[in-house]
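Heads up, start03.cif below (mmCIF, C-alpha atoms and all ligand atoms):
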```
data_work
#
loop_
_atom_site.label_atom_id
_atom_site.label_comp_id
_atom_site.auth_asym_id
_atom_site.auth_seq_id
_atom_site.Cartn_x
_atom_site.Cartn_y
_atom_site.Cartn_z
CA MET H 1 -80.02 -50.84 128.43
CA PHE H 2 -79.24 -51.94 131.97
CA LYS H 3 -79.32 -48.65 133.78
CA LYS H 4 -81.63 -48.85 136.78
CA PHE H 5 -82.36 -52.49 136.12
CA GLN H 6 -83.66 -54.30 139.20
CA PRO H 7 -84.26 -58.04 138.93
CA SER H 8 -87.02 -57.82 141.55
CA ALA H 9 -88.96 -55.27 139.50
CA ASP H 10 -87.84 -55.74 135.92
CA VAL H 11 -87.95 -59.51 135.49
CA SER H 12 -91.38 -60.76 134.54
CA GLY H 13 -90.67 -64.47 134.48
CA GLN H 14 -88.30 -67.35 133.86
CA VAL H 15 -89.03 -70.23 131.50
CA SER H 16 -86.97 -73.08 130.17
CA VAL H 17 -86.34 -72.85 126.45
CA LYS H 18 -87.83 -75.51 124.14
CA SER H 19 -85.18 -77.63 122.48
CA SER H 20 -86.18 -76.58 118.96
CA VAL H 21 -85.79 -72.95 119.99
CA GLN H 22 -82.47 -73.76 121.67
CA ARG H 23 -81.23 -75.17 118.35
CA ASN H 24 -82.22 -71.97 116.56
CA ILE H 25 -80.50 -69.81 119.16
CA ARG H 26 -77.33 -71.88 118.93
CA ALA H 27 -77.30 -71.60 115.13
CA SER H 28 -77.93 -67.85 115.24
CA ILE H 29 -75.14 -67.23 117.71
CA LEU H 30 -72.68 -69.37 115.77
CA SER H 31 -73.47 -67.34 112.67
CA GLN H 32 -73.31 -63.98 114.47
CA TRP H 33 -70.24 -64.43 116.68
CA ASN H 34 -66.70 -65.21 115.72
CA ILE H 35 -66.53 -68.52 117.56
CA ASN H 36 -66.27 -72.16 116.52
CA PRO H 37 -68.83 -74.73 117.70
CA GLU H 38 -66.18 -76.55 119.78
CA THR H 39 -65.44 -73.44 121.81
CA PHE H 40 -69.10 -72.52 122.11
CA GLU H 41 -69.71 -76.02 123.43
CA GLN H 42 -67.58 -75.06 126.45
CA ILE H 43 -69.75 -72.04 127.11
CA TRP H 44 -73.07 -73.76 126.59
CA PRO H 45 -72.85 -77.56 126.31
CA LYS H 46 -75.50 -79.02 124.01
CA LYS H 47 -77.03 -81.16 126.70
CA GLU H 48 -77.54 -78.36 129.18
CA PRO H 49 -80.88 -76.56 129.28
CA LEU H 50 -81.00 -72.83 128.69
CA THR H 51 -83.32 -70.62 130.73
CA LEU H 52 -84.97 -67.53 129.29
CA VAL H 53 -85.34 -64.68 131.76
CA LYS H 54 -87.96 -62.31 130.39
CA CYS H 55 -87.37 -58.70 131.34
CA ARG H 56 -88.93 -55.30 130.82
CA GLU H 57 -88.85 -53.61 127.43
CA HIS H 58 -88.45 -56.87 125.54
CA ILE H 59 -85.03 -57.69 126.90
CA SER H 60 -84.38 -61.43 127.04
CA ILE H 61 -81.51 -62.67 129.18
CA TYR H 62 -80.47 -66.29 128.69
CA THR H 63 -78.93 -68.06 131.65
CA LEU H 64 -77.26 -71.40 132.25
CA HIS H 65 -77.54 -72.66 135.84
CA GLY H 66 -78.50 -69.11 136.81
CA GLU H 67 -75.48 -67.46 135.23
CA PRO H 68 -76.35 -64.92 132.53
CA LEU H 69 -74.55 -65.84 129.26
CA PHE H 70 -76.10 -63.68 126.59
CA PHE H 71 -79.05 -61.39 125.95
CA GLN H 72 -81.17 -59.98 123.18
CA HIS H 73 -83.39 -56.94 122.64
CA PHE H 74 -86.58 -57.78 120.73
CA ASP H 75 -85.31 -60.14 118.01
CA GLY H 76 -82.08 -58.23 117.50
CA PRO H 77 -78.58 -59.70 117.55
CA PHE H 78 -77.34 -61.75 120.51
CA PHE H 79 -74.93 -59.97 122.85
CA PRO H 80 -72.63 -61.89 125.18
CA THR H 81 -72.49 -60.63 128.75
CA LEU H 82 -69.35 -58.64 129.46
CA ARG H 83 -67.99 -61.40 131.70
CA LEU H 84 -68.38 -63.93 128.88
CA LEU H 85 -66.70 -61.55 126.45
CA HIS H 86 -63.77 -61.21 128.86
CA LYS H 87 -63.28 -64.97 128.66
CA TYR H 88 -63.58 -65.10 124.87
CA PRO H 89 -62.51 -61.64 123.69
CA SER H 90 -62.54 -62.39 119.98
CA ILE H 91 -66.23 -63.27 119.69
CA LEU H 92 -67.10 -59.66 118.84
CA PRO H 93 -65.16 -57.28 116.57
CA MET H 94 -63.25 -54.68 118.53
CA VAL H 95 -63.31 -50.90 118.62
CA ARG H 96 -61.28 -48.81 121.06
CA VAL H 97 -61.94 -45.48 122.76
CA ASP H 98 -59.27 -43.16 124.11
CA ARG H 99 -58.58 -42.88 127.81
CA GLY H 100 -60.59 -39.70 128.14
CA ALA H 101 -63.77 -41.54 127.12
CA ILE H 102 -63.48 -44.33 129.69
CA ARG H 103 -65.16 -42.52 132.54
CA PHE H 104 -68.06 -41.54 130.30
CA LEU H 105 -68.41 -45.10 129.12
CA LEU H 106 -68.48 -46.36 132.70
CA ALA H 107 -71.21 -43.83 133.44
CA GLY H 108 -73.29 -45.39 130.67
CA ALA H 109 -72.87 -42.73 127.99
CA HIS H 110 -72.99 -43.59 124.29
CA MET H 111 -69.60 -43.28 122.61
CA MET H 112 -68.93 -40.27 120.43
CA CYS H 113 -67.02 -40.56 117.16
CA PRO H 114 -63.97 -38.50 118.25
CA GLY H 115 -63.29 -41.03 121.02
CA PHE H 116 -62.50 -43.59 118.31
CA THR H 117 -60.66 -41.34 115.89
CA SER H 118 -58.30 -39.62 118.35
CA ALA H 119 -54.77 -40.92 118.91
CA GLY H 120 -55.80 -43.26 121.75
CA GLY H 121 -58.78 -44.73 119.93
CA SER H 122 -58.97 -47.24 117.12
CA LEU H 123 -61.37 -48.66 114.54
CA PRO H 124 -61.02 -51.69 112.27
CA PRO H 125 -59.09 -50.98 109.03
CA ALA H 126 -61.09 -50.05 105.93
CA ASP H 127 -60.94 -53.59 104.52
CA ALA H 128 -62.58 -54.88 107.70
CA ALA H 129 -65.02 -51.99 108.13
CA LEU H 130 -68.18 -52.70 110.12
CA PRO H 131 -71.69 -51.70 109.00
CA PRO H 132 -74.16 -49.92 111.30
CA ASN H 133 -75.97 -52.09 113.87
CA THR H 134 -73.04 -54.40 114.51
CA PRO H 135 -72.41 -55.59 118.09
CA VAL H 136 -68.89 -54.58 119.09
CA ALA H 137 -66.56 -55.02 122.04
CA ILE H 138 -65.63 -51.56 123.33
CA HIS H 139 -62.01 -51.65 124.44
CA ALA H 140 -60.13 -48.74 125.99
CA GLU H 141 -56.74 -47.17 125.51
CA GLY H 142 -54.10 -48.84 127.65
CA LYS H 143 -56.42 -51.62 128.87
CA GLU H 144 -56.37 -55.30 128.03
CA HIS H 145 -60.02 -56.15 128.67
CA ALA H 146 -63.19 -54.71 127.18
CA ALA H 147 -64.94 -52.03 129.23
CA GLY H 148 -68.25 -52.36 127.48
CA ILE H 149 -70.30 -53.76 124.62
CA GLY H 150 -72.02 -51.57 122.08
CA LEU H 151 -73.94 -51.45 118.83
CA THR H 152 -72.49 -49.38 116.00
CA LYS H 153 -74.82 -46.54 115.09
CA LEU H 154 -72.75 -45.52 112.09
CA GLY H 155 -70.54 -47.73 109.98
CA THR H 156 -66.93 -47.55 111.13
CA GLU H 157 -65.82 -45.76 107.94
CA GLU H 158 -68.59 -43.26 108.48
CA ILE H 159 -67.45 -42.70 112.06
CA ARG H 160 -64.08 -41.69 110.65
CA LYS H 161 -65.64 -39.39 108.06
CA VAL H 162 -68.37 -37.72 110.12
CA ASN H 163 -66.30 -37.60 113.33
CA LYS H 164 -68.99 -36.06 115.50
CA GLY H 165 -72.02 -37.22 117.43
CA VAL H 166 -72.69 -40.75 118.68
CA GLY H 167 -70.79 -43.47 116.82
CA VAL H 168 -71.49 -46.47 119.02
CA GLU H 169 -74.43 -46.95 121.35
CA THR H 170 -73.48 -48.43 124.69
CA VAL H 171 -75.43 -51.60 125.49
CA THR H 172 -73.71 -52.80 128.66
CA TYR H 173 -70.61 -51.67 130.55
CA LEU H 174 -68.50 -52.41 133.61
CA GLY H 175 -70.52 -51.70 136.73
CA ASP H 176 -73.98 -51.42 135.19
CA ASP H 177 -76.90 -53.36 136.62
CA LEU H 178 -76.30 -56.36 134.35
CA TRP H 179 -72.68 -56.51 135.49
CA LYS H 180 -73.91 -56.61 139.08
CA ILE H 181 -76.08 -59.66 138.41
CA GLN H 182 -73.91 -62.73 138.70
CA GLN H 183 -76.80 -65.11 139.33
CA LEU H 184 -80.38 -64.74 138.19
CA MET Q 1 -64.79 -91.36 101.41
CA ALA Q 2 -61.49 -92.03 103.11
CA SER Q 3 -60.72 -89.26 105.52
CA THR Q 4 -57.27 -87.82 105.56
CA GLU Q 5 -55.50 -87.31 108.83
CA GLN Q 6 -56.17 -83.62 108.76
CA GLU Q 7 -59.90 -84.08 108.52
CA ALA Q 8 -59.89 -86.53 111.38
CA ALA Q 9 -58.14 -84.14 113.74
CA PRO Q 10 -60.81 -82.53 115.91
CA VAL Q 11 -60.87 -78.77 116.26
CA GLU Q 12 -59.48 -77.80 119.63
CA PRO Q 13 -61.72 -75.44 121.58
CA THR Q 14 -60.12 -72.15 122.56
CA PRO Q 15 -59.60 -72.08 126.33
CA PRO Q 16 -61.18 -69.16 128.16
CA LYS Q 17 -58.98 -66.25 129.11
CA GLN Q 18 -58.42 -65.90 132.84
CA VAL Q 19 -59.29 -62.45 134.14
CA LEU Q 20 -58.39 -61.25 137.62
CA TYR Q 21 -61.39 -59.40 139.00
CA CYS Q 22 -61.02 -57.03 141.92
CA GLN Q 23 -62.62 -58.39 145.08
CA VAL Q 24 -63.44 -54.87 146.18
CA CYS Q 25 -65.05 -53.22 143.14
CA THR Q 26 -65.60 -56.36 140.95
CA PHE Q 27 -63.93 -54.75 137.89
CA PRO Q 28 -60.95 -56.30 136.08
CA VAL Q 29 -58.13 -54.91 138.25
CA GLU Q 30 -56.88 -52.58 135.51
CA TYR Q 31 -60.17 -50.66 135.80
CA CYS Q 32 -60.10 -50.09 139.59
CA GLU Q 33 -58.94 -46.52 138.99
CA PHE Q 34 -62.36 -45.78 137.49
CA GLY Q 35 -64.37 -47.23 140.36
CA SER Q 36 -65.47 -45.58 143.57
CA SER Q 37 -63.20 -47.49 145.95
CA PHE Q 38 -59.76 -46.98 144.41
CA THR Q 39 -57.89 -46.72 147.73
CA ARG Q 40 -59.34 -49.96 149.08
CA CYS Q 41 -58.86 -51.66 145.69
CA LYS Q 42 -55.16 -50.80 145.73
CA GLU Q 43 -54.75 -52.09 149.29
CA TRP Q 44 -56.40 -55.33 148.30
CA LEU Q 45 -54.29 -55.83 145.17
CA GLN Q 46 -51.07 -55.06 147.02
CA LYS Q 47 -51.82 -57.98 149.34
CA GLU Q 48 -53.34 -60.26 146.73
CA ASN Q 49 -50.81 -59.86 143.94
CA PRO Q 50 -47.82 -57.57 144.68
CA ALA Q 51 -46.30 -58.11 141.23
CA LEU Q 52 -49.42 -56.93 139.49
CA TYR Q 53 -49.69 -54.05 141.92
CA ASP Q 54 -46.23 -52.89 140.87
CA LYS Q 55 -47.12 -53.32 137.24
CA PHE Q 56 -50.10 -51.00 137.58
CA TYR Q 57 -49.02 -48.51 140.19
CA SER Q 58 -45.23 -48.06 139.99
CA GLU Q 59 -43.96 -44.61 138.95
CA GLU Q 60 -43.23 -45.68 135.38
CA ALA Q 61 -46.56 -47.46 135.01
CA LEU Q 62 -48.39 -44.35 136.16
CA GLN Q 63 -46.48 -42.27 133.62
CA ALA Q 64 -47.12 -44.68 130.77
CA LYS Q 65 -50.79 -45.04 131.65
CA ILE Q 66 -51.63 -41.43 131.02
CA GLY Q 67 -51.24 -42.31 127.35
CA THR Q 68 -52.59 -39.71 124.99
CA LEU Q 69 -54.52 -37.91 127.68
CA SER Q 70 -53.44 -34.34 128.30
CA LEU Q 71 -52.01 -33.44 131.70
CA GLU Q 72 -55.05 -31.34 132.60
CA ALA Q 73 -57.41 -34.14 131.61
CA GLN Q 74 -55.45 -36.59 133.73
CA GLU Q 75 -55.60 -34.21 136.70
CA LYS Q 76 -59.31 -33.84 136.22
CA LEU Q 77 -59.69 -37.60 136.13
CA GLU Q 78 -57.77 -37.97 139.37
CA LYS Q 79 -59.87 -35.29 141.02
CA ASP Q 80 -63.04 -36.99 139.83
CA THR Q 81 -61.86 -40.33 141.16
CA ALA Q 82 -61.12 -38.78 144.56
CA LYS Q 83 -64.53 -37.09 144.58
CA LYS Q 84 -66.31 -40.29 143.59
CA GLU Q 85 -64.48 -42.15 146.29
CA ALA Q 86 -65.35 -39.60 148.97
CA LYS Q 87 -69.00 -39.72 147.90
CA ALA Q 88 -69.13 -43.51 147.98
CA GLU Q 89 -67.51 -43.53 151.40
CA ALA Q 90 -69.96 -40.99 152.78
CA LYS Q 91 -72.79 -43.07 151.40
CA ALA Q 92 -71.43 -46.27 152.91
CA ASP Q 93 -70.94 -44.45 156.22
CA ALA Q 94 -74.49 -43.19 156.23
CA ALA Q 95 -75.78 -46.65 155.37
CA LEU Q 96 -73.76 -48.19 158.20
CA LYS Q 97 -74.96 -45.56 160.67
CA LYS Q 98 -78.53 -46.16 159.64
CA LYS Q 99 -78.02 -49.86 160.02
CA MET Q 100 -76.49 -49.53 163.45
CA ALA Q 101 -79.32 -47.24 164.53
CA SER Q 102 -82.06 -49.57 163.34
CA THR Q 103 -83.66 -51.75 165.95
CA VAL Q 104 -84.92 -55.28 166.09
CA THR Q 105 -88.24 -55.40 167.89
CA ILE Q 106 -89.24 -58.59 169.61
CA LYS Q 107 -92.85 -58.40 170.62
CA ARG Q 108 -94.65 -60.80 172.87
CA ILE Q 109 -98.30 -60.70 171.94
CA GLU Q 110 -100.99 -62.23 174.10
CA ARG Q 111 -103.58 -63.95 171.96
CA ASN Q 112 -105.74 -65.17 174.83
CA LYS Q 113 -105.12 -65.99 178.46
CA ARG Q 114 -102.65 -68.77 177.82
CA LYS Q 115 -101.54 -68.31 174.24
CA HIS Q 116 -98.86 -66.01 172.93
CA VAL Q 117 -97.21 -65.32 169.61
CA THR Q 118 -93.84 -63.63 169.13
CA ALA Q 119 -93.37 -61.08 166.38
CA ILE Q 120 -89.83 -60.16 165.33
CA HIS Q 121 -89.35 -57.09 163.22
CA GLY Q 122 -86.24 -55.43 161.78
CA LEU Q 123 -83.91 -58.38 161.16
CA GLU Q 124 -83.66 -57.58 157.43
CA ALA Q 125 -81.60 -54.47 158.27
CA PHE Q 126 -78.85 -56.84 159.37
CA ASP Q 127 -78.89 -58.92 156.20
CA VAL Q 128 -80.95 -61.73 157.66
CA ASP Q 129 -83.04 -63.64 155.11
CA LEU Q 130 -86.46 -63.52 156.77
CA LYS Q 131 -87.81 -66.67 155.13
CA LYS Q 132 -84.78 -68.66 156.19
CA ALA Q 133 -84.95 -67.21 159.68
CA ALA Q 134 -88.63 -68.15 159.99
CA LYS Q 135 -87.84 -71.68 158.92
CA PHE Q 136 -84.98 -71.78 161.39
CA PHE Q 137 -87.20 -70.64 164.28
CA ALA Q 138 -89.90 -73.12 163.32
CA GLN Q 139 -87.41 -75.95 163.45
CA LYS Q 140 -85.68 -74.71 166.59
CA PHE Q 141 -88.87 -74.35 168.60
CA ALA Q 142 -90.85 -77.08 166.85
CA THR Q 143 -93.66 -74.64 166.16
CA GLY Q 144 -95.18 -72.58 163.38
CA ALA Q 145 -93.36 -69.53 162.04
CA SER Q 146 -93.98 -67.38 159.01
CA VAL Q 147 -93.11 -64.10 157.36
CA THR Q 148 -96.10 -61.74 157.29
CA LYS Q 149 -96.73 -58.06 156.77
CA ASN Q 150 -97.54 -56.13 159.93
CA MET Q 151 -100.04 -53.28 160.12
CA GLN Q 152 -97.51 -50.82 158.71
CA GLY Q 153 -97.03 -53.11 155.71
CA LEU Q 154 -93.52 -54.11 156.79
CA ASP Q 155 -92.32 -57.69 156.84
CA GLU Q 156 -91.94 -59.40 160.17
CA ILE Q 157 -91.56 -62.94 161.42
CA VAL Q 158 -94.36 -64.32 163.55
CA VAL Q 159 -93.58 -67.37 165.66
CA GLN Q 160 -96.32 -69.28 167.49
CA GLY Q 161 -95.76 -69.40 171.24
CA ASP Q 162 -93.80 -67.21 173.60
CA VAL Q 163 -90.20 -67.58 172.48
CA SER Q 164 -89.14 -63.94 172.96
CA GLY Q 165 -86.66 -64.79 175.72
CA ASP Q 166 -85.10 -67.59 173.67
CA ILE Q 167 -84.72 -65.37 170.62
CA VAL Q 168 -83.04 -62.62 172.64
CA GLU Q 169 -80.64 -65.25 173.96
CA MET Q 170 -79.98 -66.56 170.45
CA ILE Q 171 -79.11 -63.08 169.24
CA GLU Q 172 -76.88 -62.51 172.25
CA ASP Q 173 -75.09 -65.77 171.51
CA GLY Q 174 -74.83 -64.89 167.81
CA VAL Q 175 -76.42 -68.13 166.70
CA GLY Q 176 -76.08 -69.05 163.01
CA LEU Q 177 -77.84 -66.64 160.71
CA LEU Q 178 -78.41 -64.14 163.53
CA LYS Q 179 -74.70 -63.54 164.01
CA ASN Q 180 -74.68 -60.03 162.48
CA VAL Q 181 -77.44 -58.69 164.70
CA PRO Q 182 -75.97 -56.53 167.50
CA LYS Q 183 -77.58 -57.35 170.84
CA ASP Q 184 -77.73 -53.67 171.83
CA ASN Q 185 -80.24 -53.04 169.07
CA ILE Q 186 -82.88 -55.35 170.48
CA VAL Q 187 -86.07 -53.82 171.84
CA GLU Q 188 -88.45 -56.05 173.74
CA VAL Q 189 -92.12 -55.18 173.75
CA GLU Q 190 -95.10 -56.75 175.38
CA GLU Q 191 -98.61 -56.52 173.95
CA LYS Q 192 -101.49 -57.57 176.18
CA GLY Q 193 -104.63 -58.93 174.62
CA LYS Q 194 -106.89 -55.93 174.01
CA LYS Q 195 -110.01 -57.89 173.31
CA ALA Q 196 -109.71 -59.74 176.58
CA ALA Q 197 -110.37 -56.48 178.46
CA SER Q 198 -114.05 -56.24 177.56
ZN ZN H 201 -61.14 -52.62 142.38
#
```

Here is a file; write its structure as structure tokens.
Amino acid sequence: MFKKFQPSADVSGQVSVKSSVQRNIRASILSQWNINPETFEQIWPKKEPLTLVKCREHISIYTLHGEPLFFQHFDGPFFPTLRLLHKYPSILPMVRVDRGAIRFLLAGAHMMCPGFTSAGGSLPPADAALPPNTPVAIHAEGKEHAAGIGLTKLGTEEIRKVNKGVGVETVTYLGDDLWKIQQL
Amino acid sequence: MASTEQEAAPVEPTPPKQVLYCQVCTFPVEYCEFGSSFTRCKEWLQKENPALYDKFYSEEALQAKIGTLSLEAQEKLEKDTAKKEAKAEAKADAALKKKMASTVTIKRIERNKRKHVTAIHGLEAFDVDLKKAAKFFAQKFATGASVTKNMQGLDEIVVQGDVSGDIVEMIEDGVGLLKNVPKDNIVEVEEKGKKAAS
């Protein structure tokens, strides 16, 4: 999503978000992420105004004092930025790819099923299986912090069963053009 | 309703996790090996946090890290990293060379018999913010200064009055935001009023 993304060319405008809309966003995020309101208050205090940065292809990046916090594609789910996820790793459910997949992930490739099902990979257990189109933190074998954020293309049980083709679409990853933007 | 003690206790927010990011490649330090500046990253970490350096790069750590990857795959990864690094270095070298070869042109332009303007072109190659520089010149010389496009469509700073000598001096002295501009890259040009000839 953020390959070849240049703020000078791909941002069409910045507006402050109306307070009624801010309330809706806050409620949506609290229902979508695994985070309590007290912790979320640290990330985005209620009194502080959110800015919407409108970008190409219906990407909306939301910033607080210029720092990107989360983003959305069309009216899809809210994704935290990777830096925010590093601070609060449990806000998204976790999947893990094996070491061999890391360099492909950091080149922006979507993650193939075998990367999750091999010995170095991991998926949530069957009783916590994730449906398709769930935002996930993409962790990597032997690493503490997430290397990327993705959207499941197949349910996690299906990834196990099918075991070929793309299982998780990569949305943002270490070193992509969103990672490079620390202030917008 | 009377609240019990448990209800009254506020929920404690979870504190954020502290992550050490590499000052060289910006990744969490455990991911430096996948960047394009691994050698410099390691040098930096060794100075910044020797304990962590040992944790990541000691013999045993390197053995453990390979994890489930086959030996051939690990070798391929190391080769790729070295290649990536060499490529990034070559690119940085080329960029630096280009930068050092680019010139800053300071042009004294005669507007009419007494009036001159000074056009400065090429400062952006040395990471000078042109708008800030224009403002700085305007203040320094108590005159007008602005960023405009020249005939080639490139940005340049135009300062009212003949200040070419002063600007050369400022670059030589490395004043403020001009400190990264090498004085050897300055070219001084003089443009006489063409219309005045007729
Ligand atoms: Zn690094």

Considering all atoms listed in the file, give me a table of residues in chain Q that are at most 6 Å from chain H, with the closest atom pair and distance in Å for each, as a Markdown table.
```
| residue | atom | partner | partner_atom | distance |
| --- | --- | --- | --- | --- |
| Q:Pro13 | CA | H:Thr39 | CA | 4.2 |
| Q:Thr14 | CA | H:Thr39 | CA | 5.5 |
| Q:Pro16 | CA | H:Lys87 | CA | 4.7 |
| Q:Lys17 | CA | H:Lys87 | CA | 4.5 |
| Q:Thr68 | CA | H:Gly120 | CA | 5.8 |
```

- Computed interatomic separation between atom CA of Q:Ala125 and atom CA of Q:Trp44 (Å): 27.1 Å

- Would you mind listing the residues within 12 Å of ligand ZN 201 (chain H), counting only C-alpha atoms and all ligand atoms, as JSON, numbers by chain? {"H": [174, 175], "Q": [20, 21, 22, 23, 24, 25, 26, 27, 28, 29, 30, 31, 32, 33, 34, 35, 36, 37, 38, 39, 40, 41, 42, 43, 44, 45, 46, 48, 53, 85]}

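Across Q:Ala142, Q:Val158, Q:Val147, Q:Ala133, the tightest approach to Q:Leu177 is made by Q:Ala133 when counting only C-alpha atoms.
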
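Proximity ranking of H:Ala109, H:Leu178, H:Ala128, H:Ala27 relative to H:Val95 places H:Ala128 first, based on only C-alpha atoms.
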
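Within a radius of 7 Å around (-66.2, -50.6, 126.2), the polymer residues are H:Leu105, H:Ala137, H:Ile138, H:His139, H:Ala140, H:Ala146, H:Ala147, H:Gly148, H:Ile149, H:Tyr173, counting only C-alpha atoms.
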
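Taking atom CA of H:Val162 as the reference point, atom CA of Q:Ala73 is found at 24.4 Å.
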